[in-house]
file model07.cif (mmCIF, C-alpha atoms and all ligand atoms)
data_data
#
loop_
_atom_site.group_PDB
_atom_site.id
_atom_site.type_symbol
_atom_site.label_atom_id
_atom_site.label_comp_id
_atom_site.auth_asym_id
_atom_site.auth_seq_id
_atom_site.Cartn_x
_atom_site.Cartn_y
_atom_site.Cartn_z
ATOM 1 C CA MET A 27 -9.543 15.531 -55.635
ATOM 2 C CA ALA A 28 -6.025 15.801 -54.169
ATOM 3 C CA ARG A 29 -3.168 14.292 -56.137
ATOM 4 C CA HIS A 30 -1.520 11.444 -54.250
ATOM 5 C CA VAL A 31 0.682 10.062 -57.033
ATOM 6 C CA TYR A 32 3.650 11.785 -58.678
ATOM 7 C CA GLY A 33 6.271 10.878 -61.244
ATOM 8 C CA PRO A 34 7.696 8.570 -62.284
ATOM 9 C CA VAL A 35 10.787 10.437 -61.149
ATOM 10 C CA PRO A 36 14.315 9.188 -61.942
ATOM 11 C CA SER A 37 16.039 7.785 -58.868
ATOM 12 C CA ARG A 38 19.575 6.497 -58.666
ATOM 13 C CA ARG A 39 18.549 3.503 -56.555
ATOM 14 C CA LEU A 40 15.014 2.873 -57.748
ATOM 15 C CA GLY A 41 15.183 3.732 -61.467
ATOM 16 C CA ARG A 42 11.835 5.199 -62.631
ATOM 17 C CA SER A 43 10.028 5.524 -59.340
ATOM 18 C CA LEU A 44 6.315 6.289 -59.056
ATOM 19 C CA GLY A 45 5.821 8.165 -55.788
ATOM 20 C CA VAL A 46 2.746 7.649 -53.618
ATOM 21 C CA ASP A 47 2.142 10.416 -51.082
ATOM 22 C CA LEU A 48 0.496 8.952 -47.961
ATOM 23 C CA VAL A 49 0.512 11.922 -45.570
ATOM 24 C CA PRO A 50 -0.110 15.651 -46.008
ATOM 25 C CA LEU A 51 2.684 18.205 -45.678
ATOM 26 C CA LYS A 52 4.258 17.942 -43.135
ATOM 27 C CA THR A 53 3.118 15.087 -40.956
ATOM 28 C CA CYS A 54 6.210 13.624 -39.350
ATOM 29 C CA SER A 55 7.577 12.127 -36.146
ATOM 30 C CA PHE A 56 10.944 13.807 -36.842
ATOM 31 C CA ASN A 57 12.054 17.347 -37.581
ATOM 32 C CA CYS A 58 15.365 16.585 -39.275
ATOM 33 C CA VAL A 59 17.864 19.405 -39.693
ATOM 34 C CA TYR A 60 18.374 18.295 -43.305
ATOM 35 C CA CYS A 61 14.712 17.941 -44.332
ATOM 36 C CA GLN A 62 14.056 19.310 -47.800
ATOM 37 C CA LEU A 63 10.393 19.875 -46.945
ATOM 38 C CA GLY A 64 11.254 22.521 -44.339
ATOM 39 C CA ALA A 65 10.597 22.395 -40.593
ATOM 40 C CA THR A 66 7.968 20.098 -39.008
ATOM 41 C CA PRO A 67 5.640 22.522 -37.180
ATOM 42 C CA ARG A 68 4.863 19.876 -34.539
ATOM 43 C CA THR A 69 6.215 16.330 -34.486
ATOM 44 C CA THR A 70 3.519 13.694 -34.091
ATOM 45 C CA LEU A 71 3.113 9.956 -33.426
ATOM 46 C CA LYS A 72 -0.594 9.995 -34.217
ATOM 47 C CA ARG A 73 -1.479 7.270 -36.707
ATOM 48 C CA ALA A 74 -4.543 7.946 -38.875
ATOM 49 C CA GLU A 75 -5.852 7.456 -42.388
ATOM 50 C CA TYR A 76 -4.461 10.800 -43.469
ATOM 51 C CA VAL A 77 -5.521 10.326 -47.111
ATOM 52 C CA PRO A 78 -8.386 8.154 -48.432
ATOM 53 C CA THR A 79 -7.044 4.673 -49.286
ATOM 54 C CA ASP A 80 -9.486 4.088 -52.191
ATOM 55 C CA GLU A 81 -8.510 7.365 -53.811
ATOM 56 C CA VAL A 82 -4.779 6.579 -53.528
ATOM 57 C CA VAL A 83 -5.139 3.063 -54.942
ATOM 58 C CA GLU A 84 -7.284 4.243 -57.867
ATOM 59 C CA GLN A 85 -4.789 6.985 -58.724
ATOM 60 C CA VAL A 86 -1.921 4.446 -58.783
ATOM 61 C CA ARG A 87 -3.988 2.112 -60.975
ATOM 62 C CA ALA A 88 -4.824 4.933 -63.417
ATOM 63 C CA ARG A 89 -1.232 6.154 -63.615
ATOM 64 C CA LEU A 90 0.143 2.657 -64.267
ATOM 65 C CA ALA A 91 -2.479 2.099 -66.985
ATOM 66 C CA GLU A 92 -1.617 5.312 -68.800
ATOM 67 C CA GLY A 93 2.193 4.628 -68.618
ATOM 68 C CA PRO A 94 5.105 5.036 -68.965
ATOM 69 C CA PRO A 95 6.271 1.828 -67.228
ATOM 70 C CA VAL A 96 7.892 2.185 -63.799
ATOM 71 C CA ASP A 97 10.690 0.285 -62.017
ATOM 72 C CA TYR A 98 9.367 0.835 -58.469
ATOM 73 C CA ILE A 99 6.231 2.085 -56.770
ATOM 74 C CA THR A 100 7.456 4.052 -53.781
ATOM 75 C CA LEU A 101 5.322 4.731 -50.705
ATOM 76 C CA ALA A 102 6.520 8.001 -49.267
ATOM 77 C CA GLY A 103 4.881 11.255 -48.404
ATOM 78 C CA SER A 104 5.283 14.817 -47.381
ATOM 79 C CA GLY A 105 6.363 13.435 -44.009
ATOM 80 C CA GLU A 106 6.430 9.918 -42.510
ATOM 81 C CA PRO A 107 4.269 7.427 -44.508
ATOM 82 C CA THR A 108 3.932 4.827 -41.710
ATOM 83 C CA LEU A 109 1.918 7.392 -39.729
ATOM 84 C CA ASN A 110 -0.808 6.529 -42.235
ATOM 85 C CA TYR A 111 -2.232 3.384 -40.591
ATOM 86 C CA SER A 112 -3.448 2.146 -43.996
ATOM 87 C CA PHE A 113 -0.014 2.061 -45.632
ATOM 88 C CA GLY A 114 0.050 -1.759 -45.452
ATOM 89 C CA SER A 115 -3.357 -2.175 -47.082
ATOM 90 C CA VAL A 116 -2.433 0.406 -49.756
ATOM 91 C CA ALA A 117 0.602 -1.796 -50.574
ATOM 92 C CA GLU A 118 -1.480 -4.998 -50.559
ATOM 93 C CA ARG A 119 -4.084 -3.555 -52.890
ATOM 94 C CA ILE A 120 -1.446 -2.158 -55.293
ATOM 95 C CA ARG A 121 0.240 -5.567 -55.258
ATOM 96 C CA GLU A 122 -2.953 -7.119 -56.713
ATOM 97 C CA PHE A 123 -2.589 -5.283 -60.030
ATOM 98 C CA ALA A 124 0.978 -3.932 -60.238
ATOM 99 C CA GLU A 125 4.011 -5.861 -61.409
ATOM 100 C CA ALA A 126 6.623 -3.359 -60.233
ATOM 101 C CA PRO A 127 8.147 -3.955 -56.777
ATOM 102 C CA ILE A 128 6.997 -1.714 -53.924
ATOM 103 C CA ALA A 129 9.443 0.323 -51.823
ATOM 104 C CA LEU A 130 8.742 2.146 -48.544
ATOM 105 C CA LEU A 131 10.739 5.327 -47.780
ATOM 106 C CA THR A 132 10.515 5.811 -44.021
ATOM 107 C CA ASN A 133 12.318 7.364 -41.081
ATOM 108 C CA GLY A 134 11.948 3.995 -39.324
ATOM 109 C CA SER A 135 10.629 5.514 -36.108
ATOM 110 C CA LEU A 136 7.514 3.327 -35.829
ATOM 111 C CA PHE A 137 8.971 -0.158 -36.384
ATOM 112 C CA HIS A 138 9.033 -0.712 -32.621
ATOM 113 C CA LEU A 139 5.261 -1.240 -33.083
ATOM 114 C CA PRO A 140 4.457 -4.860 -34.123
ATOM 115 C CA GLU A 141 1.501 -3.694 -36.248
ATOM 116 C CA VAL A 142 3.770 -1.427 -38.328
ATOM 117 C CA ARG A 143 6.239 -4.262 -38.959
ATOM 118 C CA GLY A 144 3.343 -6.598 -39.791
ATOM 119 C CA ALA A 145 1.957 -4.099 -42.325
ATOM 120 C CA CYS A 146 5.073 -4.516 -44.500
ATOM 121 C CA ARG A 147 3.975 -7.898 -45.920
ATOM 122 C CA ALA A 148 3.384 -6.635 -49.479
ATOM 123 C CA ILE A 149 6.474 -4.428 -49.514
ATOM 124 C CA ASP A 150 9.645 -5.534 -51.275
ATOM 125 C CA VAL A 151 12.162 -2.989 -50.017
ATOM 126 C CA VAL A 152 12.118 -0.903 -46.840
ATOM 127 C CA ILE A 153 14.423 2.143 -46.957
ATOM 128 C CA PRO A 154 14.751 3.536 -43.404
ATOM 129 C CA ASP A 155 16.989 6.354 -42.126
ATOM 130 C CA LEU A 156 19.734 6.012 -39.557
ATOM 131 C CA ASP A 157 21.832 9.142 -39.122
ATOM 132 C CA ALA A 158 23.241 8.762 -35.613
ATOM 133 C CA GLY A 159 25.133 6.223 -33.552
ATOM 134 C CA ASP A 160 24.336 7.796 -30.165
ATOM 135 C CA GLU A 161 21.348 9.447 -28.511
ATOM 136 C CA GLN A 162 22.833 12.933 -28.419
ATOM 137 C CA THR A 163 23.511 12.989 -32.165
ATOM 138 C CA PHE A 164 20.064 11.468 -32.849
ATOM 139 C CA GLN A 165 18.423 14.325 -30.925
ATOM 140 C CA LEU A 166 20.650 16.868 -32.653
ATOM 141 C CA ILE A 167 20.042 15.709 -36.243
ATOM 142 C CA ASN A 168 16.575 14.117 -36.255
ATOM 143 C CA ARG A 169 14.939 16.197 -33.473
ATOM 144 C CA PRO A 170 12.346 13.450 -32.918
ATOM 145 C CA HIS A 171 9.013 13.430 -31.070
ATOM 146 C CA PRO A 172 9.807 13.439 -27.299
ATOM 147 C CA ASP A 173 8.648 9.805 -26.906
ATOM 148 C CA LEU A 174 11.239 8.509 -29.396
ATOM 149 C CA THR A 175 14.801 7.426 -28.638
ATOM 150 C CA LEU A 176 17.613 6.018 -30.745
ATOM 151 C CA GLU A 177 17.278 2.711 -28.892
ATOM 152 C CA LYS A 178 13.586 2.522 -29.867
ATOM 153 C CA LEU A 179 14.495 3.227 -33.504
ATOM 154 C CA VAL A 180 17.323 0.679 -33.665
ATOM 155 C CA GLY A 181 15.339 -1.913 -31.665
ATOM 156 C CA GLY A 182 12.448 -1.537 -34.130
ATOM 157 C CA LEU A 183 14.739 -1.970 -37.119
ATOM 158 C CA ARG A 184 16.319 -5.068 -35.556
ATOM 159 C CA ALA A 185 12.872 -6.578 -35.050
ATOM 160 C CA LEU A 186 11.949 -5.699 -38.633
ATOM 161 C CA ARG A 187 15.100 -7.472 -39.839
ATOM 162 C CA ASP A 188 14.039 -10.634 -38.002
ATOM 163 C CA GLU A 189 10.454 -10.596 -39.284
ATOM 164 C CA PHE A 190 10.577 -9.010 -42.741
ATOM 165 C CA ALA A 191 11.271 -11.180 -45.807
ATOM 166 C CA GLY A 192 12.214 -8.317 -48.148
ATOM 167 C CA GLU A 193 15.333 -6.172 -48.316
ATOM 168 C CA ILE A 194 16.338 -3.335 -45.969
ATOM 169 C CA TRP A 195 18.407 -0.541 -47.487
ATOM 170 C CA LEU A 196 19.520 1.750 -44.691
ATOM 171 C CA GLU A 197 20.033 5.381 -45.683
ATOM 172 C CA VAL A 198 22.536 7.432 -43.699
ATOM 173 C CA PHE A 199 22.484 11.205 -44.121
ATOM 174 C CA LEU A 200 25.868 12.719 -43.385
ATOM 175 C CA ALA A 201 26.154 16.394 -42.416
ATOM 176 C CA LEU A 202 29.622 17.855 -42.087
ATOM 177 C CA GLY A 203 30.680 18.203 -38.442
ATOM 178 C CA LEU A 204 27.426 16.751 -37.071
ATOM 179 C CA ASN A 205 28.012 13.030 -37.647
ATOM 180 C CA THR A 206 31.197 12.784 -39.704
ATOM 181 C CA ALA A 207 34.062 12.508 -37.186
ATOM 182 C CA ASP A 208 35.707 9.072 -36.948
ATOM 183 C CA ALA A 209 34.099 8.543 -33.518
ATOM 184 C CA ASP A 210 30.627 9.254 -34.986
ATOM 185 C CA VAL A 211 31.194 6.838 -37.860
ATOM 186 C CA GLU A 212 32.398 4.101 -35.472
ATOM 187 C CA LYS A 213 29.238 4.450 -33.388
ATOM 188 C CA LEU A 214 27.087 4.409 -36.513
ATOM 189 C CA GLN A 215 28.855 1.259 -37.616
ATOM 190 C CA GLY A 216 28.037 -0.372 -34.278
ATOM 191 C CA GLN A 217 24.316 0.354 -34.741
ATOM 192 C CA ILE A 218 24.396 -0.793 -38.372
ATOM 193 C CA GLU A 219 25.898 -4.119 -37.278
ATOM 194 C CA ARG A 220 22.965 -4.572 -34.880
ATOM 195 C CA ILE A 221 20.420 -3.889 -37.654
ATOM 196 C CA ARG A 222 22.065 -6.061 -40.366
ATOM 197 C CA PRO A 223 20.663 -4.242 -43.428
ATOM 198 C CA ASP A 224 21.196 -5.510 -46.990
ATOM 199 C CA ARG A 225 22.683 -2.177 -48.065
ATOM 200 C CA VAL A 226 23.911 1.042 -46.496
ATOM 201 C CA ASP A 227 23.415 4.086 -48.724
ATOM 202 C CA LEU A 228 25.307 7.271 -47.867
ATOM 203 C CA ASN A 229 23.789 10.630 -48.697
ATOM 204 C CA THR A 230 24.670 14.229 -47.937
ATOM 205 C CA ALA A 231 23.306 17.743 -48.455
ATOM 206 C CA VAL A 232 23.341 18.438 -52.174
ATOM 207 C CA ARG A 233 20.130 20.501 -52.005
ATOM 208 C CA PRO A 234 18.986 23.200 -49.573
ATOM 209 C CA ALA A 235 18.137 21.744 -46.148
ATOM 210 C CA ALA A 236 15.759 22.897 -43.401
ATOM 211 C CA GLU A 237 18.684 24.418 -41.475
ATOM 212 C CA GLN A 238 21.410 26.542 -43.000
ATOM 213 C CA PHE A 239 24.094 25.005 -40.778
ATOM 214 C CA VAL A 240 23.694 21.644 -42.564
ATOM 215 C CA ARG A 241 26.709 21.402 -44.820
ATOM 216 C CA PRO A 242 27.635 18.825 -47.448
ATOM 217 C CA VAL A 243 30.421 16.329 -46.850
ATOM 218 C CA PRO A 244 33.167 16.616 -49.489
ATOM 219 C CA PRO A 245 33.465 13.604 -51.841
ATOM 220 C CA GLU A 246 36.863 12.538 -50.384
ATOM 221 C CA ARG A 247 35.458 12.310 -46.845
ATOM 222 C CA LEU A 248 32.352 10.503 -48.126
ATOM 223 C CA GLU A 249 34.661 7.966 -49.708
ATOM 224 C CA GLU A 250 36.639 7.547 -46.442
ATOM 225 C CA ILE A 251 33.402 6.996 -44.510
ATOM 226 C CA ARG A 252 32.214 4.504 -47.116
ATOM 227 C CA ARG A 253 35.418 2.516 -46.611
ATOM 228 C CA MET A 254 35.039 2.653 -42.819
ATOM 229 C CA LEU A 255 31.486 1.289 -43.050
ATOM 230 C CA GLY A 256 32.504 -1.731 -45.111
ATOM 231 C CA PRO A 257 31.397 -3.500 -48.290
ATOM 232 C CA LYS A 258 27.637 -2.915 -47.924
ATOM 233 C CA ALA A 259 28.097 0.861 -47.948
ATOM 234 C CA GLU A 260 27.689 2.886 -51.101
ATOM 235 C CA VAL A 261 27.669 6.631 -51.785
ATOM 236 C CA ILE A 262 24.352 7.587 -53.381
ATOM 237 C CA ALA A 263 24.774 11.366 -53.089
ATOM 238 C CA ASP A 264 25.127 13.099 -56.417
ATOM 239 C CA VAL A 265 28.901 13.516 -56.166
ATOM 240 C CA GLU A 266 29.061 15.528 -59.412
ATOM 241 C CA ALA A 267 26.659 18.115 -58.001
ATOM 242 C CA LEU A 268 28.671 18.063 -54.797
ATOM 243 C CA GLU A 269 31.889 18.830 -56.641
ATOM 244 C CA GLN A 270 30.200 21.869 -58.172
ATOM 245 C CA THR A 271 28.939 23.046 -54.760
ATOM 246 C CA PRO A 272 31.512 25.450 -53.323
ATOM 247 C CA GLN A 273 32.728 24.096 -49.967
ATOM 248 C CA MET A 274 32.393 26.661 -47.210
ATOM 249 C CA GLU A 275 35.267 26.989 -44.810
ATOM 250 C CA ALA A 276 34.670 25.963 -41.217
ATOM 251 C CA THR A 277 34.074 28.817 -38.805
ATOM 252 C CA GLY A 278 34.961 29.072 -35.112
ATOM 253 C CA ARG A 279 31.259 28.506 -34.449
ATOM 254 C CA ASP A 280 31.407 25.140 -36.260
ATOM 255 C CA VAL A 281 34.320 24.096 -34.036
ATOM 256 C CA LEU A 282 32.523 25.298 -30.917
ATOM 257 C CA GLU A 283 29.359 23.432 -31.914
ATOM 258 C CA LEU A 284 31.358 20.237 -32.389
ATOM 259 C CA LEU A 285 33.092 20.652 -29.012
ATOM 260 C CA SER A 286 29.845 21.410 -27.221
ATOM 261 C CA ARG A 287 28.681 17.896 -28.165
ATOM 262 C CA ARG A 288 31.827 16.090 -27.062
ATOM 263 C CA PRO A 289 35.503 16.678 -26.269
ATOM 264 C CA CYS A 290 37.746 16.251 -29.320
ATOM 265 C CA THR A 291 41.422 16.058 -30.182
ATOM 266 C CA LEU A 292 42.882 18.340 -32.831
ATOM 267 C CA GLN A 293 42.669 15.470 -35.317
ATOM 268 C CA ASP A 294 39.002 14.774 -34.427
ATOM 269 C CA ILE A 295 38.175 18.390 -35.206
ATOM 270 C CA ALA A 296 40.079 18.383 -38.502
ATOM 271 C CA THR A 297 38.472 15.087 -39.599
ATOM 272 C CA GLY A 298 34.991 15.904 -38.334
ATOM 273 C CA LEU A 299 34.848 19.201 -40.192
ATOM 274 C CA SER A 300 36.959 18.073 -43.173
ATOM 275 C CA ILE A 301 39.439 20.885 -42.681
ATOM 276 C CA HIS A 302 43.223 21.027 -42.596
ATOM 277 C CA ARG A 303 44.838 20.632 -39.161
ATOM 278 C CA ASN A 304 46.327 24.141 -39.516
ATOM 279 C CA GLU A 305 42.854 25.614 -39.926
ATOM 280 C CA ALA A 306 41.675 23.665 -36.872
ATOM 281 C CA VAL A 307 44.659 24.993 -34.859
ATOM 282 C CA LYS A 308 43.764 28.572 -35.859
ATOM 283 C CA HIS A 309 40.195 28.188 -34.561
ATOM 284 C CA ILE A 310 41.287 26.384 -31.374
ATOM 285 C CA GLN A 311 43.738 29.173 -30.496
ATOM 286 C CA GLN A 312 41.099 31.821 -31.080
ATOM 287 C CA LEU A 313 38.473 29.964 -28.998
ATOM 288 C CA LEU A 314 40.989 29.346 -26.178
ATOM 289 C CA GLN A 315 41.815 33.068 -26.123
ATOM 290 C CA GLU A 316 38.145 33.972 -25.998
ATOM 291 C CA GLY A 317 37.626 31.541 -23.121
ATOM 292 C CA GLU A 318 34.992 29.592 -25.081
ATOM 293 C CA ILE A 319 36.845 26.281 -24.791
ATOM 294 C CA ALA A 320 39.293 24.645 -22.413
ATOM 295 C CA GLU A 321 42.181 22.237 -22.925
ATOM 296 C CA ALA A 322 42.486 19.005 -20.930
ATOM 297 C CA ARG A 323 44.888 16.057 -21.134
ATOM 298 C CA GLU A 324 44.000 12.421 -21.192
ATOM 299 C CA GLY A 325 46.581 9.691 -21.780
ATOM 300 C CA GLY A 326 49.099 12.417 -22.656
ATOM 301 C CA ARG A 327 46.941 13.699 -25.536
ATOM 302 C CA PRO A 328 45.386 17.170 -25.492
ATOM 303 C CA PHE A 329 41.571 17.302 -25.720
ATOM 304 C CA TYR A 330 39.433 20.360 -26.170
ATOM 305 C CA ARG A 331 35.989 20.875 -24.696
ATOM 306 C CA ALA A 332 33.457 23.707 -24.709
ATOM 307 C CA ARG A 333 33.222 25.582 -21.420
HETATM 308 S S1 LIG A 401 11.941 12.037 -41.442
HETATM 309 FE FE1 LIG A 401 11.948 12.713 -43.564
HETATM 310 S S2 LIG A 401 10.122 14.017 -43.775
HETATM 311 FE FE2 LIG A 401 10.464 13.734 -41.569
HETATM 312 S S3 LIG A 401 11.680 15.530 -40.998
HETATM 313 FE FE3 LIG A 401 13.130 13.886 -41.474
HETATM 314 S S4 LIG A 401 13.660 14.155 -43.628
HETATM 315 FE FE4 LIG A 401 11.788 15.359 -43.255
#
call {"tool": "encode", "arguments": {"input": "model07.cif", "output": "structure tokens"}}
result
Amino acid sequence: MARHVYGPVPSRRLGRSLGVDLVPLKTCSFNCVYCQLGATPRTTLKRAEYVPTDEVVEQVRARLAEGPPVDYITLAGSGEPTLNYSFGSVAERIREFAEAPIALLTNGSLFHLPEVRGACRAIDVVIPDLDAGDEQTFQLINRPHPDLTLEKLVGGLRALRDEFAGEIWLEVFLALGLNTADADVEKLQGQIERIRPDRVDLNTAVRPAAEQFVRPVPPERLEEIRRMLGPKAEVIADVEALEQTPQMEATGRDVLELLSRRPCTLQDIATGLSIHRNEAVKHIQQLLQEGEIAEAREGGRPFYRAR
């Protein structure tokens, strides 16, 4: 019989968390650049009973009976747990015998469906992802199933907020240069205001990600972003581990990648990649010489854009 329950594992937010795996590796509607499970071979929106509900519930019951005690029971999976159409009844049945609160770790992509929001009745905390404030960044970071858009994701989370009695803790994954410029953070803030979560937890790459170009955000920039996002925001990344992770220097390719997504000022580039302005100048000059980027002026300020 497959094992569907793991832990309890220590979690900064959830204490001793007993994980419940509701989908096989790797069944997901996203293919995030930062996924620790590796690439999604094919994104899917197919909802099914991917693992037998009775088996899952009995394994949770047995694990709780044998101890040790847990602080949370966390529905998750080797992919997106709401793709399992029985996730709501799994939660309801666990609720009948478990005292610990139930959390749902999700990418949030299916909350536009009323039946997915309705299945959250027995859940105490929903922890969805939101990593982008605009469609282009959403496609770049989350690489979703073609039928998904940022507006669908945010609209679903707004509807969940209106209908769900429990707490919503939004998790934002920050990847240096992909969603960390001031303009990115402002757009994220706009979406967060629409969703009205109870908490906003900021994470970054402290462990190997699916793509090598995903780089951690230095603690100082994380702290700046936390301040920009207001009092509900908190850094949950393991900052100690981050301080031990050697920071790579930005390359010309990083600058070019940033500029191919949107035009930036010198300061945008320095902030977005957490590098000194002098280092940004060095890369800009090189890229201008190579003809990879062009300079334009708007309101008297120089902007750079990829050609
Ligand atoms: S949503 Fe989660 S499981 Fe799916 S690709 Fe992104 S990080 Fe991985």
call {"tool": "residues_near_ligand", "arguments": {"input": "model07.cif", "ligand": "ligand LIG 401 (chain A)", "cutoff": "8 Å", "atoms": "all atoms listed in the file", "output": "list of chain:residue names"}}
result
A:Lys52, A:Thr53, A:Cys54, A:Ser55, A:Phe56, A:Asn57, A:Cys58, A:Val59, A:Tyr60, A:Cys61, A:Gln62, A:Leu63, A:Gly64, A:Ala65, A:Thr66, A:Gly103, A:Ser104, A:Gly105, A:Glu106, A:Thr132, A:Asn133, A:Asp155, A:Asn168
call {"tool": "write_last_selection", "arguments": {"input": "model07.cif", "atoms": "C-alpha atoms", "output": "PDB file, keeping the file's coordinate frame"}}
result
ATOM      1  CA  LYS A  52       4.258  17.942 -43.135  1.00  0.00           C
ATOM      2  CA  THR A  53       3.118  15.087 -40.956  1.00  0.00           C
ATOM      3  CA  CYS A  54       6.210  13.624 -39.350  1.00  0.00           C
ATOM      4  CA  SER A  55       7.577  12.127 -36.146  1.00  0.00           C
ATOM      5  CA  PHE A  56      10.944  13.807 -36.842  1.00  0.00           C
ATOM      6  CA  ASN A  57      12.054  17.347 -37.581  1.00  0.00           C
ATOM      7  CA  CYS A  58      15.365  16.585 -39.275  1.00  0.00           C
ATOM      8  CA  VAL A  59      17.864  19.405 -39.693  1.00  0.00           C
ATOM      9  CA  TYR A  60      18.374  18.295 -43.305  1.00  0.00           C
ATOM     10  CA  CYS A  61      14.712  17.941 -44.332  1.00  0.00           C
ATOM     11  CA  GLN A  62      14.056  19.310 -47.800  1.00  0.00           C
ATOM     12  CA  LEU A  63      10.393  19.875 -46.945  1.00  0.00           C
ATOM     13  CA  GLY A  64      11.254  22.521 -44.339  1.00  0.00           C
ATOM     14  CA  ALA A  65      10.597  22.395 -40.593  1.00  0.00           C
ATOM     15  CA  THR A  66       7.968  20.098 -39.008  1.00  0.00           C
ATOM     16  CA  GLY A 103       4.881  11.255 -48.404  1.00  0.00           C
ATOM     17  CA  SER A 104       5.283  14.817 -47.381  1.00  0.00           C
ATOM     18  CA  GLY A 105       6.363  13.435 -44.009  1.00  0.00           C
ATOM     19  CA  GLU A 106       6.430   9.918 -42.510  1.00  0.00           C
ATOM     20  CA  THR A 132      10.515   5.811 -44.021  1.00  0.00           C
ATOM     21  CA  ASN A 133      12.318   7.364 -41.081  1.00  0.00           C
ATOM     22  CA  ASP A 155      16.989   6.354 -42.126  1.00  0.00           C
ATOM     23  CA  ASN A 168      16.575  14.117 -36.255  1.00  0.00           C
TER      24      ASN A 168
END
call {"tool": "atom_distance", "arguments": {"input": "model07.cif", "atom1": "atom CA of Glu219 of chain A", "atom2": "atom CA of Thr70 of chain A"}}
result
28.8 Å
call {"tool": "resolve_selection", "arguments": {"input": "model07.cif", "expression": "the PyMOL selection byres (((chain A and resi 320-333) around 7) and not hetatm)", "output": "JSON, numbers by chain"}}
result
{"A": [282, 285, 286, 288, 289, 290, 291, 314, 318, 319]}
call {"tool": "residues_around", "arguments": {"input": "model07.cif", "residues": "Gly278 of chain A", "least_positions_apart": "4", "cutoff": "9 Å", "atoms": "all atoms listed in the file", "output": "PyMOL selection string"}}
result
chain A and resi 282-283+306+308-310+312-313
call {"tool": "closest_residue", "arguments": {"input": "model07.cif", "among": "A:Ala276, A:Val49, A:Leu200, A:Leu101", "to": "Val151 of chain A", "atoms": "all atoms listed in the file"}}
result
A:Leu101
call {"tool": "axis_aligned_box", "arguments": {"input": "model07.cif", "around": "segment 88-93 of chain A", "padding_each_side": "3 Å", "output": "JSON"}}
result
{"center_x": -1.3, "center_y": 4.1, "center_z": -66.1, "size_x": 13.0, "size_y": 10.1, "size_z": 11.4}
call {"tool": "residues_near_point", "arguments": {"input": "model07.cif", "point": "(27.6, 1.1, -48.8)", "cutoff": "12 Å", "atoms": "all atoms listed in the file", "output": "VMD selection string"}}
result
chain A and resid 195 to 198 215 218 223 to 229 248 to 263
call {"tool": "atom_distance", "arguments": {"input": "model07.cif", "atom1": "atom CA of Val82 of chain A", "atom2": "atom CA of Gly134 of chain A"}}
result
22.1 Å
call {"tool": "resolve_selection", "arguments": {"input": "model07.cif", "expression": "the PyMOL selection byres (((chain A and resi 203) around 9) and not hetatm)", "output": "number ranges by chain"}}
result
A: 200-202, 204-207, 240-241, 243, 280-281, 283-284, 295, 297-300
call {"tool": "closest_residue", "arguments": {"input": "model07.cif", "among": "A:Asn304, A:Gln217, A:Ser112, A:Thr69", "to": "His171 of chain A", "atoms": "all atoms listed in the file"}}
result
A:Thr69
call {"tool": "closest_residue", "arguments": {"input": "model07.cif", "among": "A:Ala117, A:Val307, A:Phe123, A:Pro172", "to": "Ala91 of chain A", "atoms": "only C-alpha atoms"}}
result
A:Phe123
call {"tool": "residues_around", "arguments": {"input": "model07.cif", "residues": "Leu109 of chain A", "least_positions_apart": "5", "cutoff": "7 Å", "atoms": "all atoms listed in the file", "output": "ChimeraX atom specification"}}
result
/A:71-74
call {"tool": "write_last_selection", "arguments": {"input": "model07.cif", "atoms": "C-alpha atoms", "output": "compact mmCIF listing (two decimals), in the frame of the given file"}}
result
# COMPACT_ATOMS: atom_id res chain seq x y z
CA LEU A 71 3.11 9.96 -33.43
CA LYS A 72 -0.59 9.99 -34.22
CA ARG A 73 -1.48 7.27 -36.71
CA ALA A 74 -4.54 7.95 -38.88
call {"tool": "atom_distance", "arguments": {"input": "model07.cif", "atom1": "atom CA of Leu51 of chain A", "atom2": "atom CA of Pro67 of chain A"}}
result
10.0 Å
call {"tool": "decode", "arguments": {"input": "model07.cif", "residues": "segment 169-186 of chain A", "atoms": "C-alpha atoms", "output": "compact mmCIF listing (two decimals), in the first residue's frame"}}
result
# COMPACT_ATOMS: atom_id res chain seq x y z
CA ARG A 169 4.30 28.47 -16.19
CA PRO A 170 0.65 27.44 -15.69
CA HIS A 171 -1.66 25.20 -17.73
CA PRO A 172 -2.65 27.17 -20.89
CA ASP A 173 -6.24 27.65 -19.63
CA LEU A 174 -5.10 29.52 -16.50
CA THR A 175 -4.50 33.25 -16.16
CA LEU A 176 -3.48 35.48 -13.27
CA GLU A 177 -6.94 37.06 -13.32
CA LYS A 178 -8.53 33.60 -12.89
CA LEU A 179 -6.20 32.88 -9.96
CA VAL A 180 -6.78 36.22 -8.21
CA GLY A 181 -10.54 36.15 -8.95
CA GLY A 182 -10.74 32.67 -7.39
CA LEU A 183 -8.87 33.79 -4.29
CA ARG A 184 -11.14 36.84 -3.93
CA ALA A 185 -14.19 34.59 -4.10
CA LEU A 186 -12.63 32.24 -1.55
